[in-house]
>>> print(open('model-v5.csv').read())   # CSV, C-alpha atoms and all ligand atoms
chain,number,residue,atom,x,y,z
I,1069,MET,CA,75.5,-20.2,-35.8
I,1070,GLU,CA,72.1,-20.6,-37.6
I,1071,GLN,CA,71.9,-24.0,-36.0
I,1072,ASP,CA,72.3,-22.5,-32.6
I,1073,PHE,CA,69.5,-19.9,-33.2
I,1074,SER,CA,67.2,-22.7,-34.4
I,1075,LYS,CA,67.8,-24.8,-31.3
I,1076,VAL,CA,67.1,-21.8,-29.1
I,1077,GLU,CA,64.0,-21.0,-31.1
I,1078,GLN,CA,62.7,-24.6,-30.8
I,1079,ALA,CA,63.5,-25.0,-27.1
I,1080,ALA,CA,62.0,-21.6,-26.2
I,1081,LEU,CA,58.7,-22.2,-28.1
I,1082,ALA,CA,58.4,-25.7,-26.7
I,1083,ALA,CA,58.8,-24.4,-23.1
I,1084,LEU,CA,56.3,-21.6,-23.9
I,1085,HIS,CA,53.6,-23.9,-25.1
I,1086,ALA,CA,54.0,-26.2,-22.1
I,1087,ILE,CA,53.0,-23.3,-19.8
I,1088,ASP,CA,49.3,-23.5,-18.7
I,1089,ALA,CA,49.2,-20.8,-16.0
I,1090,GLU,CA,49.9,-17.1,-16.2
I,1091,ALA,CA,52.5,-17.5,-13.3
I,1092,GLY,CA,54.7,-19.7,-15.6
I,1093,LEU,CA,54.9,-16.9,-18.2
I,1094,ARG,CA,57.0,-14.6,-16.0
I,1095,ALA,CA,59.6,-17.3,-15.4
I,1096,TRP,CA,59.7,-18.1,-19.1
I,1097,GLN,CA,60.2,-14.4,-20.0
I,1098,ALA,CA,63.1,-14.1,-17.6
I,1099,ALA,CA,64.7,-17.3,-19.0
I,1100,TRP,CA,64.3,-16.7,-22.7
I,1101,LEU,CA,64.1,-12.9,-23.1
I,1102,GLY,CA,65.9,-11.7,-19.9
I,1103,LYS,CA,69.4,-10.2,-19.5
I,1104,ARG,CA,71.0,-13.6,-19.3
I,1105,SER,CA,68.9,-15.3,-22.0
I,1106,ALA,CA,70.6,-16.9,-25.0
I,1107,VAL,CA,69.2,-14.2,-27.3
I,1108,ALA,CA,70.5,-11.3,-25.1
I,1109,LEU,CA,73.9,-12.9,-24.8
I,1110,ALA,CA,74.1,-13.4,-28.6
I,1111,LEU,CA,73.3,-9.8,-29.1
I,1112,ALA,CA,75.8,-8.7,-26.5
I,1113,GLY,CA,78.5,-10.9,-28.1
I,1114,LEU,CA,78.1,-9.6,-31.6
I,1115,GLY,CA,81.2,-7.4,-31.2
I,1116,GLN,CA,83.4,-10.5,-30.7
I,1117,LEU,CA,82.4,-12.0,-34.1
I,1118,PRO,CA,84.4,-11.4,-37.3
I,1119,ALA,CA,83.1,-8.3,-39.1
I,1120,ALA,CA,81.7,-10.2,-42.0
I,1121,GLU,CA,79.4,-12.4,-39.8
I,1122,ARG,CA,78.1,-9.5,-37.6
I,1123,PRO,CA,75.3,-8.2,-39.8
I,1124,LEU,CA,73.8,-11.6,-40.4
I,1125,ALA,CA,74.1,-12.7,-36.8
I,1126,GLY,CA,72.6,-9.4,-35.6
I,1127,GLN,CA,69.7,-9.7,-37.9
I,1128,ARG,CA,69.0,-13.3,-36.9
I,1129,ALA,CA,69.3,-12.5,-33.1
I,1130,ASN,CA,66.9,-9.5,-33.4
I,1131,ALA,CA,64.4,-11.5,-35.5
I,1132,LEU,CA,64.4,-14.3,-32.9
I,1133,ARG,CA,63.9,-11.9,-30.0
I,1134,LEU,CA,60.9,-10.3,-31.9
I,1135,GLN,CA,59.5,-13.8,-32.7
I,1136,LEU,CA,59.8,-14.9,-29.0
I,1137,GLU,CA,58.2,-11.6,-27.7
I,1138,GLN,CA,55.2,-12.1,-30.1
I,1139,ALA,CA,54.9,-15.8,-29.2
I,1140,HIS,CA,54.9,-14.8,-25.5
I,1141,ALA,CA,52.2,-12.1,-26.0
I,1142,ALA,CA,50.0,-14.5,-28.1
I,1143,HIS,CA,50.3,-17.3,-25.5
I,1144,ALA,CA,49.5,-14.9,-22.6
I,1145,ALA,CA,46.3,-13.7,-24.4
I,1146,ALA,CA,45.2,-17.3,-25.1
I,1147,LEU,CA,45.7,-18.2,-21.4
I,1148,ARG,CA,43.7,-15.2,-20.3
I,1149,GLU,CA,40.8,-16.1,-22.6
I,1150,SER,CA,40.7,-19.8,-21.6
I,1151,GLY,CA,40.8,-18.7,-17.9
I,1152,LEU,CA,37.7,-16.5,-18.4
I,1153,ALA,CA,35.9,-19.3,-20.2
I,1154,ALA,CA,36.7,-21.7,-17.4
I,1155,SER,CA,35.6,-19.3,-14.7
I,1156,LEU,CA,32.3,-18.7,-16.6
I,1157,GLN,CA,31.8,-22.4,-16.9
I,1158,ALA,CA,32.5,-22.9,-13.2
I,1159,GLY,CA,30.1,-20.2,-12.2
I,1160,ALA,CA,27.4,-21.8,-14.5
I,1161,LEU,CA,25.9,-18.4,-15.0
I,1162,ASP,CA,22.9,-18.8,-17.4
I,1163,VAL,CA,22.2,-15.2,-18.5
I,1164,THR,CA,19.1,-16.5,-20.4
I,1165,LEU,CA,17.3,-17.7,-17.2
I,1166,PRO,CA,14.4,-15.4,-16.4
I,1167,GLY,CA,14.8,-13.5,-13.1
I,1168,ARG,CA,12.7,-14.3,-10.0
I,1169,PRO,CA,9.7,-11.9,-10.0
I,1170,ALA,CA,9.7,-9.6,-7.0
I,1171,ALA,CA,6.5,-10.1,-4.9
I,1172,ARG,CA,4.4,-7.0,-5.5
I,1173,GLY,CA,2.3,-5.4,-2.8
I,1174,ARG,CA,-1.3,-4.5,-3.4
I,1175,LEU,CA,-4.0,-2.4,-1.8
I,1176,HIS,CA,-6.2,-4.3,0.7
I,1177,ILE,CA,-9.7,-5.0,-0.8
I,1178,ALA,CA,-11.3,-2.8,1.9
I,1179,THR,CA,-9.0,0.1,0.9
I,1180,GLN,CA,-9.7,-0.5,-2.8
I,1181,THR,CA,-13.5,-0.4,-2.2
I,1182,LEU,CA,-13.2,2.6,0.1
I,1183,ARG,CA,-11.2,4.5,-2.6
I,1184,GLN,CA,-13.6,3.5,-5.4
I,1185,ILE,CA,-16.6,4.8,-3.3
I,1186,CYS,CA,-14.8,8.0,-2.5
I,1187,ALA,CA,-13.7,8.5,-6.1
I,1188,ILE,CA,-17.3,8.2,-7.3
I,1189,TRP,CA,-18.5,10.7,-4.7
I,1190,ALA,CA,-15.6,13.1,-5.7
I,1191,GLN,CA,-16.8,12.8,-9.4
I,1192,MET,CA,-20.3,13.8,-8.1
I,1193,GLY,CA,-18.9,17.0,-6.5
I,1194,PHE,CA,-18.5,15.8,-2.9
I,1195,GLN,CA,-15.4,16.8,-1.0
I,1196,ILE,CA,-13.5,14.3,1.3
I,1197,TYR,CA,-13.7,15.4,4.9
I,1198,ARG,CA,-11.4,13.7,7.4
I,1199,SER,CA,-12.8,13.2,10.9
I,1200,ARG,CA,-11.2,11.8,14.1
I,1201,ASP,CA,-11.5,8.2,15.3
I,1202,VAL,CA,-11.5,9.0,19.0
I,1203,GLU,CA,-14.7,11.0,19.6
I,1204,THR,CA,-16.5,12.8,22.3
I,1205,GLU,CA,-19.7,11.3,23.8
I,1206,ALA,CA,-21.3,14.6,22.7
I,1207,CYS,CA,-20.5,14.3,19.0
I,1208,ASN,CA,-21.1,10.6,18.7
I,1209,PHE,CA,-24.4,10.7,20.5
I,1210,GLU,CA,-25.9,13.9,22.1
I,1211,LEU,CA,-25.4,16.3,19.2
I,1212,LEU,CA,-26.8,13.6,16.8
I,1213,ASN,CA,-30.0,13.7,18.8
I,1214,ILE,CA,-29.3,10.6,20.9
I,1215,PRO,CA,-29.4,11.8,24.5
I,1216,PRO,CA,-28.2,9.6,27.4
I,1217,HIS,CA,-30.6,6.7,28.1
I,1218,HIS,CA,-32.2,7.1,24.6
I,1219,PRO,CA,-33.1,3.5,23.6
I,1220,ALA,CA,-31.4,4.1,20.2
I,1221,ARG,CA,-28.0,4.0,22.0
I,1222,ASP,CA,-28.4,0.2,21.9
I,1223,MET,CA,-27.9,0.4,18.2
I,1224,TRP,CA,-24.3,1.3,18.7
I,1225,ASP,CA,-22.4,-0.8,21.4
I,1226,THR,CA,-19.5,1.4,22.3
I,1227,PHE,CA,-15.9,1.2,23.2
I,1228,HIS,CA,-15.4,3.8,25.9
I,1229,THR,CA,-11.9,5.0,26.2
I,1230,THR,CA,-11.9,6.9,29.5
I,1231,ILE,CA,-8.5,5.5,30.3
I,1232,VAL,CA,-6.4,4.8,27.2
I,1233,GLU,CA,-3.1,5.0,29.2
I,1234,THR,CA,-2.2,7.3,32.0
I,1235,GLU,CA,0.5,9.9,31.7
I,1236,ALA,CA,2.0,8.3,34.8
I,1237,CYS,CA,2.3,4.8,33.4
I,1238,ASN,CA,3.4,6.0,30.0
I,1239,PHE,CA,6.1,8.3,31.3
I,1240,GLU,CA,6.6,9.2,35.0
I,1241,LEU,CA,6.7,5.6,36.4
I,1242,LEU,CA,9.1,4.7,33.6
I,1243,ASN,CA,11.5,7.3,35.0
I,1244,ILE,CA,10.6,10.0,32.4
I,1245,PRO,CA,9.4,13.0,34.5
I,1246,PRO,CA,7.7,16.0,32.8
I,1247,HIS,CA,10.1,18.1,30.8
I,1248,HIS,CA,12.6,15.3,30.6
I,1249,PRO,CA,14.2,15.5,27.1
I,1250,ALA,CA,13.5,11.8,26.4
I,1251,ARG,CA,9.8,12.8,26.0
I,1252,ASP,CA,10.7,14.1,22.6
I,1253,MET,CA,11.5,10.5,21.5
I,1254,TRP,CA,7.8,9.7,21.7
I,1255,ASP,CA,5.4,12.1,19.9
I,1256,THR,CA,2.2,11.7,21.9
I,1257,PHE,CA,-1.5,11.7,21.1
I,1258,HIS,CA,-3.1,13.2,24.2
I,1259,THR,CA,-6.7,12.4,24.7
I,1260,THR,CA,-7.5,15.1,27.3
I,1261,THR,CA,-11.3,14.9,26.6
I,1262,SER,CA,-12.8,12.9,29.4
I,1263,GLY,CA,-15.6,10.6,28.3
I,1264,SER,CA,-14.0,9.9,25.0
I,1265,LEU,CA,-14.9,6.9,22.9
I,1266,LEU,CA,-14.0,5.1,19.7
I,1267,ARG,CA,-16.6,6.4,17.2
I,1268,THR,CA,-19.3,3.9,16.5
I,1269,HIS,CA,-20.1,5.4,13.2
I,1270,THR,CA,-18.8,8.2,10.9
I,1271,SER,CA,-21.9,10.4,11.7
I,1272,PRO,CA,-20.2,12.5,14.4
I,1273,GLY,CA,-18.1,13.9,11.5
I,1274,GLN,CA,-21.3,15.6,10.3
I,1275,ILE,CA,-21.1,17.9,13.4
I,1276,HIS,CA,-17.4,18.7,12.8
I,1277,ALA,CA,-18.0,19.4,9.1
I,1278,MET,CA,-21.1,21.6,9.7
I,1279,ARG,CA,-19.4,23.6,12.4
I,1280,GLU,CA,-16.4,24.2,10.2
I,1281,TYR,CA,-18.4,25.3,7.2
I,1282,ALA,CA,-21.7,26.8,8.5
I,1283,PRO,CA,-23.5,28.8,7.1
I,1284,GLU,CA,-22.0,27.8,3.7
I,1285,PRO,CA,-23.6,25.0,1.8
I,1286,ILE,CA,-21.6,21.8,2.1
I,1287,ARG,CA,-21.3,18.5,0.2
I,1288,VAL,CA,-18.9,16.1,1.9
I,1289,VAL,CA,-18.1,12.4,2.3
I,1290,LEU,CA,-16.4,11.2,5.4
I,1291,PRO,CA,-14.5,7.9,5.1
I,1292,GLY,CA,-13.0,6.1,8.0
I,1293,MET,CA,-12.8,3.3,10.6
I,1294,CYS,CA,-15.6,2.7,13.1
I,1295,TYR,CA,-15.6,0.6,16.2
I,1296,ARG,CA,-18.4,-1.3,17.9
I,1297,TYR,CA,-18.3,-3.5,21.0
I,1298,GLU,CA,-20.3,-6.3,19.6
I,1299,GLN,CA,-20.4,-9.9,18.7
I,1300,ILE,CA,-18.2,-10.8,15.8
I,1301,THR,CA,-20.2,-12.7,13.2
I,1302,PRO,CA,-19.8,-13.5,9.5
I,1303,ARG,CA,-21.5,-10.1,8.8
I,1304,SER,CA,-20.3,-8.0,11.7
I,1305,GLU,CA,-16.8,-7.0,12.8
I,1306,ILE,CA,-15.8,-4.9,15.8
I,1307,GLN,CA,-13.8,-2.7,13.5
I,1308,PHE,CA,-15.0,-1.7,10.0
I,1309,ASN,CA,-15.0,1.2,7.6
I,1310,GLN,CA,-17.9,3.5,6.8
I,1311,VAL,CA,-18.4,6.3,4.3
I,1312,GLU,CA,-20.7,9.0,5.5
I,1313,GLY,CA,-22.2,11.6,3.2
I,1314,LEU,CA,-23.7,15.0,4.0
I,1315,ALA,CA,-25.2,17.7,1.9
I,1316,VAL,CA,-26.6,20.8,3.5
I,1317,GLY,CA,-28.0,23.9,1.7
I,1318,ARG,CA,-31.2,25.7,0.8
I,1319,GLY,CA,-34.0,23.8,-0.7
I,1320,ILE,CA,-32.5,20.3,-0.5
I,1321,ARG,CA,-35.3,17.7,-0.6
I,1322,PHE,CA,-35.9,14.0,-0.2
I,1323,THR,CA,-36.0,13.7,-4.0
I,1324,ASP,CA,-32.4,15.0,-4.1
I,1325,LEU,CA,-31.4,12.3,-1.6
I,1326,LYS,CA,-33.1,9.6,-3.7
I,1327,GLY,CA,-31.7,10.8,-7.0
I,1328,THR,CA,-28.2,11.3,-5.7
I,1329,LEU,CA,-28.0,7.9,-4.1
I,1330,THR,CA,-29.5,6.2,-7.1
I,1331,ASP,CA,-26.9,7.9,-9.3
I,1332,PHE,CA,-24.2,6.6,-6.9
I,1333,ALA,CA,-25.5,3.0,-7.1
I,1334,ARG,CA,-25.5,3.1,-10.9
I,1335,ARG,CA,-21.9,4.4,-11.0
I,1336,MET,CA,-20.9,1.8,-8.5
I,1337,PHE,CA,-22.8,-1.3,-9.7
I,1338,GLY,CA,-23.7,-0.6,-13.3
I,1339,ALA,CA,-25.9,1.8,-15.3
I,1340,GLN,CA,-29.0,-0.5,-15.2
I,1341,THR,CA,-29.0,-0.8,-11.4
I,1342,ARG,CA,-32.4,-0.3,-9.8
I,1343,THR,CA,-32.8,1.0,-6.3
I,1344,ARG,CA,-35.5,1.0,-3.7
I,1345,PHE,CA,-35.9,2.9,-0.4
I,1346,ARG,CA,-37.5,1.4,2.7
I,1347,ALA,CA,-38.6,3.4,5.7
I,1348,SER,CA,-36.2,3.1,8.7
I,1349,TYR,CA,-35.2,4.9,11.8
I,1350,PHE,CA,-32.1,6.9,12.8
I,1351,PRO,CA,-32.3,9.5,15.5
I,1352,PHE,CA,-30.3,12.0,13.5
I,1353,THR,CA,-32.4,11.9,10.3
I,1354,GLU,CA,-36.1,12.5,9.7
I,1355,PRO,CA,-37.5,10.8,7.7
I,1356,SER,CA,-35.0,8.0,7.6
I,1357,ALA,CA,-34.6,5.2,5.1
I,1358,GLU,CA,-32.4,2.3,4.0
I,1359,MET,CA,-31.5,1.9,0.3
I,1360,ASP,CA,-31.4,-1.5,-1.4
I,1361,VAL,CA,-30.0,-2.1,-4.8
I,1362,GLU,CA,-31.3,-4.8,-7.1
I,1363,CYS,CA,-29.1,-7.8,-6.7
I,1364,PHE,CA,-26.4,-7.5,-9.4
I,1365,LEU,CA,-25.7,-11.2,-9.3
I,1366,CYS,CA,-29.1,-12.5,-10.2
I,1367,GLY,CA,-30.7,-9.3,-11.6
I,1368,GLY,CA,-33.5,-9.4,-9.1
I,1369,SER,CA,-34.7,-13.0,-9.7
I,1370,GLY,CA,-33.3,-14.3,-6.4
I,1371,CYS,CA,-30.1,-16.1,-5.5
I,1372,VAL,CA,-28.0,-17.1,-2.5
I,1373,VAL,CA,-26.3,-13.7,-2.2
I,1374,CYS,CA,-29.6,-11.8,-1.9
I,1375,LYS,CA,-31.2,-14.6,0.0
I,1376,GLN,CA,-33.8,-15.0,-2.7
I,1377,ALA,CA,-35.0,-11.4,-2.1
I,1378,GLY,CA,-33.7,-9.9,-5.3
I,1379,TRP,CA,-32.5,-6.8,-3.4
I,1380,LEU,CA,-29.4,-6.0,-1.3
I,1381,GLU,CA,-29.3,-3.4,1.5
I,1382,ILE,CA,-26.3,-1.1,1.1
I,1383,LEU,CA,-26.8,2.0,3.2
I,1384,GLY,CA,-28.8,4.0,5.8
I,1385,CYS,CA,-29.9,7.5,5.0
I,1386,GLY,CA,-32.4,10.3,5.6
I,1387,MET,CA,-33.0,14.1,5.8
I,1388,VAL,CA,-30.8,15.7,8.5
I,1389,HIS,CA,-32.8,16.2,11.6
I,1390,PRO,CA,-33.5,19.9,12.4
I,1391,LYS,CA,-31.9,19.5,15.8
I,1392,VAL,CA,-28.7,18.1,14.2
I,1393,LEU,CA,-28.7,21.0,11.7
I,1394,GLN,CA,-29.0,23.4,14.6
I,1395,ASN,CA,-26.2,21.6,16.5
I,1396,GLY,CA,-24.0,22.0,13.4
I,1397,GLY,CA,-24.7,25.8,13.3
I,1398,TYR,CA,-27.4,25.9,10.6
I,1399,ASP,CA,-30.8,27.5,11.0
I,1400,PRO,CA,-33.3,24.6,10.2
I,1401,ALA,CA,-35.9,27.2,9.1
I,1402,GLU,CA,-33.6,28.2,6.3
I,1403,TYR,CA,-31.5,25.1,5.6
I,1404,THR,CA,-32.2,21.4,4.9
I,1405,GLY,CA,-29.9,18.6,4.1
I,1406,PHE,CA,-29.5,14.8,3.6
I,1407,ALA,CA,-27.1,12.3,5.0
I,1408,PHE,CA,-26.2,8.7,4.4
I,1409,GLY,CA,-23.8,6.1,5.8
I,1410,MET,CA,-22.6,2.9,4.0
I,1411,GLY,CA,-20.2,0.1,4.8
I,1412,PRO,CA,-17.4,-0.6,2.2
I,1413,GLU,CA,-16.7,-4.1,3.5
I,1414,ARG,CA,-20.4,-5.1,3.2
I,1415,ILE,CA,-20.5,-3.6,-0.3
I,1416,ALA,CA,-17.3,-5.6,-1.2
I,1417,MET,CA,-18.8,-8.7,0.2
I,1418,LEU,CA,-21.8,-8.3,-2.0
I,1419,LYS,CA,-19.8,-7.4,-5.1
I,1420,TYR,CA,-17.3,-10.2,-4.8
I,1421,GLY,CA,-19.4,-12.9,-3.1
I,1422,ILE,CA,-17.3,-12.9,0.1
I,1423,LYS,CA,-19.2,-15.0,2.6
I,1424,ASP,CA,-17.5,-13.9,5.9
I,1425,ILE,CA,-16.4,-10.4,6.9
I,1426,ARG,CA,-13.7,-12.0,9.2
I,1427,TYR,CA,-11.6,-12.7,6.0
I,1428,PHE,CA,-10.9,-8.9,5.7
I,1429,TRP,CA,-8.8,-8.6,8.9
I,1430,GLY,CA,-7.5,-12.2,9.1
I,1431,ASN,CA,-4.3,-11.3,7.1
I,1432,ASP,CA,-4.6,-14.5,5.0
I,1433,LEU,CA,-2.6,-13.9,1.8
I,1434,ARG,CA,-4.6,-16.5,-0.1
I,1435,PHE,CA,-7.7,-14.3,0.5
I,1436,LEU,CA,-6.0,-10.9,-0.1
I,1437,GLN,CA,-4.2,-12.0,-3.3
I,1438,GLN,CA,-7.5,-12.6,-5.0
I,1439,PHE,CA,-8.2,-8.9,-5.4
Y,1,LIG,C1,-25.2,3.9,10.9
Y,1,LIG,O1,-24.1,3.7,11.4
Y,1,LIG,C2,-25.6,5.3,10.6
Y,1,LIG,N1,-24.7,6.3,11.2
Y,1,LIG,C3,-25.8,5.5,9.1
Y,1,LIG,C4,-26.4,6.7,8.7
Y,1,LIG,C5,-25.7,7.9,8.4
Y,1,LIG,C6,-27.8,6.8,8.6
Y,1,LIG,C7,-26.3,9.0,8.1
Y,1,LIG,C8,-28.5,8.0,8.3
Y,1,LIG,C9,-27.7,9.1,8.0
Y,1,LIG,P1,-25.7,1.4,10.6
Y,1,LIG,O2,-25.5,1.0,12.0
Y,1,LIG,O3,-26.8,0.7,9.9
Y,1,LIG,O4,-26.0,3.0,10.5
Y,1,LIG,O5,-24.4,1.2,9.8
Y,1,LIG,C10,-24.2,1.7,8.5
Y,1,LIG,C11,-23.5,0.7,7.6
Y,1,LIG,O6,-22.3,0.3,8.2
Y,1,LIG,C12,-24.2,-0.7,7.5
Y,1,LIG,O7,-25.1,-0.6,6.4
Y,1,LIG,C13,-23.1,-1.6,7.2
Y,1,LIG,O8,-22.8,-1.6,5.9
Y,1,LIG,C14,-22.0,-1.0,8.0
Y,1,LIG,N2,-21.8,-1.7,9.3
Y,1,LIG,C15,-22.5,-1.5,10.4
Y,1,LIG,N3,-22.1,-2.3,11.4
Y,1,LIG,C16,-21.2,-3.1,10.9
Y,1,LIG,C17,-20.3,-4.1,11.5
Y,1,LIG,N4,-20.4,-4.5,12.7
Y,1,LIG,N5,-19.4,-4.7,10.6
Y,1,LIG,C18,-19.3,-4.3,9.3
Y,1,LIG,N6,-20.0,-3.3,8.8
Y,1,LIG,C19,-21.0,-2.7,9.6
>>> encode(input="model-v5.csv", output="structure tokens", more="lines below")
Ligand code: FA5
Amino acid sequence: MEQDFSKVEQAALAALHAIDAEAGLRAWQAAWLGKRSAVALALAGLGQLPAAERPLAGQRANALRLQLEQAHAAHAAALRESGLAASLQAGALDVTLPGRPAARGRLHIATQTLRQICAIWAQMGFQIYRSRDVETEACNFELLNIPPHHPARDMWDTFHTTIVETEACNFELLNIPPHHPARDMWDTFHTTTSGSLLRTHTSPGQIHAMREYAPEPIRVVLPGMCYRYEQITPRSEIQFNQVEGLAVGRGIRFTDLKGTLTDFARRMFGAQTRTRFRASYFPFTEPSAEMDVECFLCGGSGCVVCKQAGWLEILGCGMVHPKVLQNGGYDPAEYTGFAFGMGPERIAMLKYGIKDIRYFWGNDLRFLQQF
């Protein structure tokens, strides 16, 4: 009998170790541990044996069944493990490989400079005032002391927007009559003002700010896009940012203008920066000036950036013209004020040595990624 059990044991283990896929294990289990297996039949036939042999035969059959069950479990575990290793190998997943960095966005150099300028003015107690891009002829010109046919209008070549798009073309002729529910799909900017234009400078915002706050004293900066119908050159675009500044109150003098703008220049370009003011002309300020900063590249000794002058022009400024104060709602006998306007792109060009303003809106990533 012992011989029979040994043969079964050897045959079963040999068959088990020959299996290399999990599917083979189920067939093996049915053959060697199932109802009709040799071990099961031996256990079932114990009653036929002489009484003296039964205990030993029972023990041996049970021990063999246990041994085969354990061998089956161990082989199944080994197959699972080697299968995982193989699939890892096949996938060639190298978890130590560094990941591909996601491309990060950044603020445009014009926006960075605009924000830096506004942050400095905010530190100096100036409030940001948002003013519209589409302006009336009155605010852009007349109320700033530039009547029709005034020669100074030539300074600002203008995009007039008398017809942006007609209601008819935008809606009716496209089969969207008034009160049709589909109109809700397109939230519309209506430009009812006839004679509207794209602002040529941020100065019309002075009128809006003054009319909102008069007769309270104000200190505001007005950042935003301006548009001019002019030749595009390395220094001039048809669309560019400006930051306007306006301070109105009692007893504001030209020395306040000079001190405040010089303080700004030092915060922007460095504590040692020197400034100078040259007489200029703007219809909405009297007296008017332009401010230069000492060239921060050559320290005033002359270089290509400052064209050997040692100085760089960064803004126009002046004392608010009495007529403009009046148009804003302030009594010029009681109030005075100063105003200025600067171009962030031109300042960025000076600061970073950018030779051509057209790079700003050319969307060339090689340019934009430098900042
Ligand atoms: C004006 O626009 C005045 N409104 C500024 C002002 C405000 C004076 C308040 C007095 C009181 P000007 O046209 O010079 O001035 O423009 C001001 C700045 O805008 C310039 O110094 C320049 O930096 C920028 N700028 C003007 N035209 C362009 C252009 N085509 N492209 C890029 N920047 C421009």
>>> closest_residue(input="model-v5.csv", among="I:Glu1077, I:Glu1121, I:Asp1072, I:Asp1225", to="ligand LIG 1 (chain Y)", atoms="all atoms listed in the file")
I:Asp1225
>>> residues_around(input="model-v5.csv", residues="I:Gly1292", least_positions_apart="5", cutoff="8 Å", atoms="all atoms listed in the file", output="list in words")
Arg1198, Ser1199, Asp1201, Thr1270, Asn1309, Gln1310 and Val1311 of chain I
>>> residues_around(input="model-v5.csv", residues="I:Gly1115", least_positions_apart="6", cutoff="12 Å", atoms="only C-alpha atoms", output="number ranges by chain")
I: 1109, 1121-1123, 1125-1126
>>> residues_around(input="model-v5.csv", residues="I:Gln1078", least_positions_apart="4", cutoff="12 Å", atoms="only C-alpha atoms", output="MDAnalysis selection string")
chainID I and resid 1071:1074 1082:1085 1100 1132 1135:1136 1139
>>> residues_near_ligand(input="model-v5.csv", ligand="ligand LIG 1 (chain Y)", cutoff="9 Å", atoms="all atoms listed in the file", output="PyMOL selection string")
chain I and resi 1223-1224+1268-1272+1274+1294-1314+1349-1354+1356-1358+1381-1388+1406-1415+1425
>>> atom_distance(input="model-v5.csv", atom1="atom CA of I:Tyr1403", atom2="atom CA of I:Gln1195")
19.3 Å
>>> atom_distance(input="model-v5.csv", atom1="atom CA of I:Cys1374", atom2="atom CA of I:Lys1423")
11.8 Å
>>> residues_around(input="model-v5.csv", residues="I:Phe1364", least_positions_apart="5", cutoff="8 Å", atoms="only C-alpha atoms", output="ChimeraX atom specification")
/I:1337,1341,1419
